[in-house]
Amino acid sequence: MGSDAAAKEVVVDDDSVQVTGLQFAYPGQAPFITDFSLHLKPGSRCLLIGANGSGKTTLLRVLAGKHMVGGKNVVQVLGRSAFHDTALTCSGDLAYLGGSWSRTVGCAGEIPLQGDFSAEHMIFGVEGVDVVRRDRLIDLLDINLQWRMHKVSDGQRRRVQICMGLLHPFQVLLLDEITVDLDVVARMDLLSFFVDECEERGATLIYATHIFDGLETWATHIAYVEDGKLKRAERLSELPELHPPSTAKNLIQVVEPWLRTERSEREKHRTNVVKPDIVTRPADVSPWTSSRHMAYYR
Ligand SMILES: Nc1ncnc2c1ncn2[C@@H]1O[C@H](COP(=O)(O)OP(=O)(O)OP(=O)(O)O)[C@@H](O)[C@H]1O
């Protein structure tokens with residue numbers, strides 16, 4: 001993995017994820033993601049971090065082939081175009097786990113309908129899976145197959161969703177803050193399952209999150225996104241802030257100052273933007289108000 005400059009120099013064929021000079025705009029808007037490059041090798045576990053609205057979900061969705069980008073070589077997953085090669089996702093080689101399921105499955109007029117399915121019905125409905133892998137996931141996520149999906153808690157529903165998303169052995173997995181509803185044990189067990197997947201099968205993971213607990217030893221790489229741009233991209237083992245003379249003990253102590261600097265730069269920029277002067281205007285030139293003085297923008 002490299003930052004913009006490095007990534008443009010070397011494009012290595014065995015990268016499982018190759019993003020080269022990506023530009024992306026939502027319809028009718030100016031480009032939001034600009035000149036974004038990121039290369040990862042099989043076995044990498046990359047944390048995607050950034051402030052709210054910095055573009056993490058957008059990037060993951062581009063990588064998942066959910067948004068069209070110009071040029072077949074710009075976003076390549078396993079050497080194939082993420083958007084154009086639909087077999088990538090159909091085969092399960094490229095998997096995306098994002099937003100949580102809703103409690104309701106539809107509406108009849110104003111009345112929300114709730115699906116009364118069991119966890120077993122949901123999980124065993126996925127065809128062509130390895131039963132050993134399925135049993136391991138059910139066990140790992142501590143899923144009770146009798147749970148009724150319309151009655152379970154958010155975290156329980158999330159477990160079933162994650163289980164189903166992981167049934168097929170992916171090669172590249174994109175995770176959009178999926179551990180947020182999980183309790184500590186489920187989260188830690190899931191994170192170590194991902195390590196096994198990367199180390200045993202050479203899978204690649206990109207994980208967007210705001211929760212850094214325990215991730216300094218879990219991740220191999222970190223990519224910091226600011227306003228749609230890749231600000232930093234480094235191997236975690238080479239991150240200067242995690243080594244002396246830095247006194248940071250964990251990832252949150254590293255990342256918090258980055259985000260605070262970003263926020264104060266943004267505030268500085270806002271205050272430097274010329275604001276309209278507020279002046280008082282005599283009532284006699286203001287036919288629509290009877291007040292003597294009225295604040296207005298010049
Ligand atoms: N469908 C859309 N149409 C237009 N703009 C969008 C759309 N989805 C997201 N955006 C904008 O793109 C920017 C990035 O959003 P995105 O969801 O990628 O950020 P994020 O880093 O995942 O944020 P968070 O940490 O809050 O989840 C935001 O300014 C958002 O308003």
# chains A, B, ... in the order shown; residues from 1 in each chain; ligands from 1
$ residues_near_ligand --ligand "ligand 1" --cutoff "8 Å" --atoms "only C-alpha atoms and all ligand atoms" --output "JSON, numbers by chain"
{"A": [26, 27, 29, 32, 49, 50, 51, 52, 53, 54, 55, 56, 57, 58, 59, 176, 208, 209, 210, 225, 227, 228]}
$ write_last_selection --atoms "N, CA and C atoms" --output "CSV table (one decimal), in the first residue's frame"
chain,number,residue,atom,x,y,z
A,26,TYR,N,-21.0,12.7,-6.9
A,26,TYR,CA,-22.4,12.3,-6.9
A,26,TYR,C,-23.1,13.1,-8.0
A,27,PRO,N,-24.2,12.6,-8.5
A,27,PRO,CA,-24.8,13.3,-9.6
A,27,PRO,C,-25.1,14.8,-9.4
A,29,GLN,N,-23.1,17.1,-8.7
A,29,GLN,CA,-22.2,17.8,-7.8
A,29,GLN,C,-20.7,17.8,-8.3
A,32,PHE,N,-16.2,14.8,-5.5
A,32,PHE,CA,-16.0,14.7,-4.1
A,32,PHE,C,-14.7,14.0,-3.7
A,49,ILE,N,-10.1,5.3,8.0
A,49,ILE,CA,-10.6,6.2,9.1
A,49,ILE,C,-10.7,7.6,8.5
A,50,GLY,N,-11.5,8.4,9.2
A,50,GLY,CA,-11.8,9.8,8.8
A,50,GLY,C,-13.0,10.3,9.5
A,51,ALA,N,-13.1,11.6,9.5
A,51,ALA,CA,-14.2,12.3,10.2
A,51,ALA,C,-15.6,11.9,9.5
A,52,ASN,N,-16.7,12.2,10.2
A,52,ASN,CA,-18.0,12.0,9.6
A,52,ASN,C,-18.0,12.8,8.3
A,53,GLY,N,-18.5,12.1,7.3
A,53,GLY,CA,-18.7,12.8,6.0
A,53,GLY,C,-17.4,12.9,5.1
A,54,SER,N,-16.3,12.2,5.6
A,54,SER,CA,-15.0,12.3,4.9
A,54,SER,C,-15.0,11.5,3.6
A,55,GLY,N,-15.9,10.5,3.5
A,55,GLY,CA,-16.0,9.8,2.2
A,55,GLY,C,-15.7,8.3,2.4
A,56,LYS,N,-15.7,7.7,3.6
A,56,LYS,CA,-15.4,6.3,3.8
A,56,LYS,C,-16.4,5.4,3.1
A,57,THR,N,-17.7,5.7,3.4
A,57,THR,CA,-18.8,4.8,2.8
A,57,THR,C,-18.8,5.0,1.3
A,58,THR,N,-18.6,6.2,0.8
A,58,THR,CA,-18.6,6.4,-0.6
A,58,THR,C,-17.5,5.5,-1.2
A,59,LEU,N,-16.3,5.6,-0.6
A,59,LEU,CA,-15.2,4.8,-1.2
A,59,LEU,C,-15.5,3.3,-1.2
A,176,ASP,N,-18.2,-1.8,6.5
A,176,ASP,CA,-18.6,-0.4,6.9
A,176,ASP,C,-19.2,-0.4,8.3
A,208,ALA,N,-13.9,0.3,7.6
A,208,ALA,CA,-14.2,1.7,8.0
A,208,ALA,C,-14.8,1.7,9.4
A,209,THR,N,-14.2,2.4,10.2
A,209,THR,CA,-14.7,2.5,11.6
A,209,THR,C,-14.3,3.7,12.4
A,210,HIS,N,-15.1,4.0,13.4
A,210,HIS,CA,-14.7,5.1,14.4
A,210,HIS,C,-14.3,4.5,15.7
A,225,VAL,N,-8.7,9.3,5.5
A,225,VAL,CA,-9.4,10.1,4.4
A,225,VAL,C,-9.9,11.4,5.0
A,227,ASP,N,-12.0,14.8,3.6
A,227,ASP,CA,-12.8,15.4,2.5
A,227,ASP,C,-12.5,14.7,1.2
A,228,GLY,N,-12.6,13.4,1.2
A,228,GLY,CA,-12.5,12.7,-0.1
A,228,GLY,C,-11.1,12.5,-0.6
$ closest_atom_pairs --of "segment 128-222 of chain A" --to "segment 83-96 of chain A" --cutoff "12 Å" --atoms "only C-alpha atoms" --output "tab-separated table"
residue	atom	partner	partner_atom	distance
A:Gly128	CA	A:Ser91	CA	10.9
A:Val129	CA	A:Gly92	CA	10.8
A:Gln161	CA	A:Tyr96	CA	11.5
A:Ile162	CA	A:Tyr96	CA	10.2
A:Met164	CA	A:Ala95	CA	11.0
A:Gly165	CA	A:Ala95	CA	7.4
A:Leu166	CA	A:Ala95	CA	8.1
A:Leu167	CA	A:Gly92	CA	9.1
A:His168	CA	A:Gly92	CA	5.9
A:Pro169	CA	A:Gly92	CA	7.0
A:Phe170	CA	A:Asp93	CA	4.4
A:Gln171	CA	A:Asp93	CA	4.8
A:Val172	CA	A:Leu94	CA	4.9
A:Leu173	CA	A:Ala95	CA	4.9
A:Leu174	CA	A:Tyr96	CA	4.6
A:Leu175	CA	A:Tyr96	CA	6.1
A:Asp176	CA	A:Tyr96	CA	7.8
A:Glu177	CA	A:Tyr96	CA	11.1
A:Ile178	CA	A:Tyr96	CA	10.3
A:Arg201	CA	A:Asp93	CA	12.0
A:Gly202	CA	A:Asp93	CA	12.0
A:Ala203	CA	A:Asp93	CA	9.3
A:Thr204	CA	A:Leu94	CA	9.6
A:Leu205	CA	A:Ala95	CA	9.7
A:Ile206	CA	A:Tyr96	CA	9.7
A:Tyr207	CA	A:Tyr96	CA	10.1
A:Ala208	CA	A:Tyr96	CA	11.4
$ write_last_selection --atoms "N, CA and C atoms" --output "tab-separated table (two decimals), in the first residue's frame"
chain	number	residue	atom	x	y	z
A	128	GLY	N	-25.28	-23.35	-1.18
A	128	GLY	CA	-23.91	-23.60	-1.65
A	128	GLY	C	-22.84	-23.20	-0.66
A	129	VAL	N	-23.14	-23.35	0.63
A	129	VAL	CA	-22.13	-22.94	1.62
A	129	VAL	C	-21.48	-24.17	2.25
A	161	GLN	N	-27.04	-10.90	10.28
A	161	GLN	CA	-26.64	-10.24	9.03
A	161	GLN	C	-25.16	-10.51	8.72
A	162	ILE	N	-24.32	-10.38	9.73
A	162	ILE	CA	-22.87	-10.60	9.53
A	162	ILE	C	-22.63	-12.06	9.15
A	164	MET	N	-24.57	-14.16	7.65
A	164	MET	CA	-24.96	-14.43	6.26
A	164	MET	C	-23.98	-13.81	5.27
A	165	GLY	N	-23.45	-12.66	5.63
A	165	GLY	CA	-22.50	-11.97	4.75
A	165	GLY	C	-21.16	-12.68	4.66
A	166	LEU	N	-20.88	-13.52	5.64
A	166	LEU	CA	-19.56	-14.17	5.66
A	166	LEU	C	-19.62	-15.64	5.28
A	167	LEU	N	-20.80	-16.14	4.94
A	167	LEU	CA	-20.93	-17.57	4.66
A	167	LEU	C	-20.06	-18.01	3.48
A	168	HIS	N	-20.00	-17.18	2.45
A	168	HIS	CA	-19.14	-17.52	1.32
A	168	HIS	C	-17.73	-17.00	1.60
A	169	PRO	N	-16.72	-17.80	1.33
A	169	PRO	CA	-15.35	-17.35	1.61
A	169	PRO	C	-14.88	-16.29	0.61
A	170	PHE	N	-15.02	-15.05	1.02
A	170	PHE	CA	-14.63	-13.88	0.20
A	170	PHE	C	-13.11	-13.85	0.00
A	171	GLN	N	-12.71	-13.11	-1.02
A	171	GLN	CA	-11.28	-12.80	-1.19
A	171	GLN	C	-11.00	-11.36	-0.76
A	172	VAL	N	-11.99	-10.50	-1.02
A	172	VAL	CA	-11.88	-9.10	-0.57
A	172	VAL	C	-13.16	-8.77	0.17
A	173	LEU	N	-13.01	-8.26	1.38
A	173	LEU	CA	-14.18	-7.92	2.20
A	173	LEU	C	-14.13	-6.45	2.59
A	174	LEU	N	-15.25	-5.77	2.32
A	174	LEU	CA	-15.35	-4.35	2.65
A	174	LEU	C	-16.33	-4.21	3.81
A	175	LEU	N	-15.87	-3.65	4.89
A	175	LEU	CA	-16.70	-3.57	6.10
A	175	LEU	C	-16.97	-2.13	6.45
A	176	ASP	N	-18.24	-1.76	6.51
A	176	ASP	CA	-18.58	-0.38	6.86
A	176	ASP	C	-19.17	-0.37	8.27
A	177	GLU	N	-18.32	-0.12	9.23
A	177	GLU	CA	-18.70	-0.01	10.65
A	177	GLU	C	-19.75	-1.03	11.04
A	178	ILE	N	-19.40	-2.30	10.93
A	178	ILE	CA	-20.41	-3.32	11.19
A	178	ILE	C	-20.39	-3.83	12.63
A	201	ARG	N	-6.08	-17.64	4.30
A	201	ARG	CA	-6.55	-17.70	2.91
A	201	ARG	C	-6.05	-16.54	2.06
A	202	GLY	N	-5.33	-15.61	2.69
A	202	GLY	CA	-4.84	-14.45	1.93
A	202	GLY	C	-5.95	-13.48	1.55
A	203	ALA	N	-7.03	-13.45	2.35
A	203	ALA	CA	-8.10	-12.49	2.08
A	203	ALA	C	-7.62	-11.07	2.41
A	204	THR	N	-8.29	-10.10	1.80
A	204	THR	CA	-7.96	-8.68	2.04
A	204	THR	C	-9.18	-8.00	2.64
A	205	LEU	N	-8.94	-7.18	3.66
A	205	LEU	CA	-10.06	-6.50	4.32
A	205	LEU	C	-9.85	-4.99	4.35
A	206	ILE	N	-10.90	-4.27	4.10
A	206	ILE	CA	-10.88	-2.83	4.35
A	206	ILE	C	-12.02	-2.54	5.31
A	207	TYR	N	-11.70	-1.90	6.41
A	207	TYR	CA	-12.66	-1.76	7.50
A	207	TYR	C	-12.77	-0.28	7.89
A	208	ALA	N	-13.92	0.32	7.58
A	208	ALA	CA	-14.17	1.70	7.96
A	208	ALA	C	-14.77	1.72	9.35
$ select_by_dssp --residues "segment 4-76 of chain A" --states "helix (DSSP H, G or I)" --output "number ranges by chain"
A: 4-9, 56-63
$ select_by_dssp --residues "segment 205-264 of chain A" --states "strand (DSSP E)" --output "PyMOL selection string"
chain A and resi 205-208+221-226+229-235
$ atom_distance --atom1 "atom CA of Glu226 of chain A" --atom2 "atom CA of Thr34 of chain A"
10.8 Å
$ residues_around --residues "segment 187-198 of chain A" --least-positions-apart "2" --cutoff "8 Å" --atoms "only C-alpha atoms" --output "PyMOL selection string"
chain A and resi 42-45+140-141+179+182-185+200-205+218
$ write_last_selection --atoms "C-alpha atoms" --output "CSV table (one decimal), in the first residue's frame"
chain,number,residue,atom,x,y,z
A,42,PRO,CA,-3.6,-10.1,-0.2
A,43,GLY,CA,-3.6,-10.6,3.5
A,44,SER,CA,-3.8,-6.9,4.3
A,45,ARG,CA,-6.2,-5.6,6.9
A,140,LEU,CA,-18.6,-17.5,16.8
A,141,LEU,CA,-21.5,-15.1,16.6
A,179,THR,CA,-19.3,-4.0,14.7
A,182,LEU,CA,-21.9,-5.9,18.8
A,183,ASP,CA,-21.0,-6.6,22.4
A,184,VAL,CA,-17.3,-6.8,23.3
A,185,VAL,CA,-16.9,-10.5,23.1
A,200,GLU,CA,-4.9,-18.6,6.2
A,201,ARG,CA,-6.5,-17.7,2.9
A,202,GLY,CA,-4.8,-14.4,1.9
A,203,ALA,CA,-8.1,-12.5,2.1
A,204,THR,CA,-8.0,-8.7,2.0
A,205,LEU,CA,-10.1,-6.5,4.3
A,218,TRP,CA,-5.3,-6.1,14.5
$ atom_distance --atom1 "atom CA of Gly214 of chain A" --atom2 "atom CA of Lys41 of chain A"
22.4 Å
$ atom_distance --atom1 "atom CA of Gln146 of chain A" --atom2 "atom CA of Ile123 of chain A"
11.2 Å
$ residues_around --residues "Met68 of chain A" --least-positions-apart "6" --cutoff "10 Å" --atoms "only C-alpha atoms" --output "list of chain:residue names"
A:Phe24, A:Ala25, A:Arg61, A:Val62, A:Val75, A:Ala82, A:Phe83, A:His84
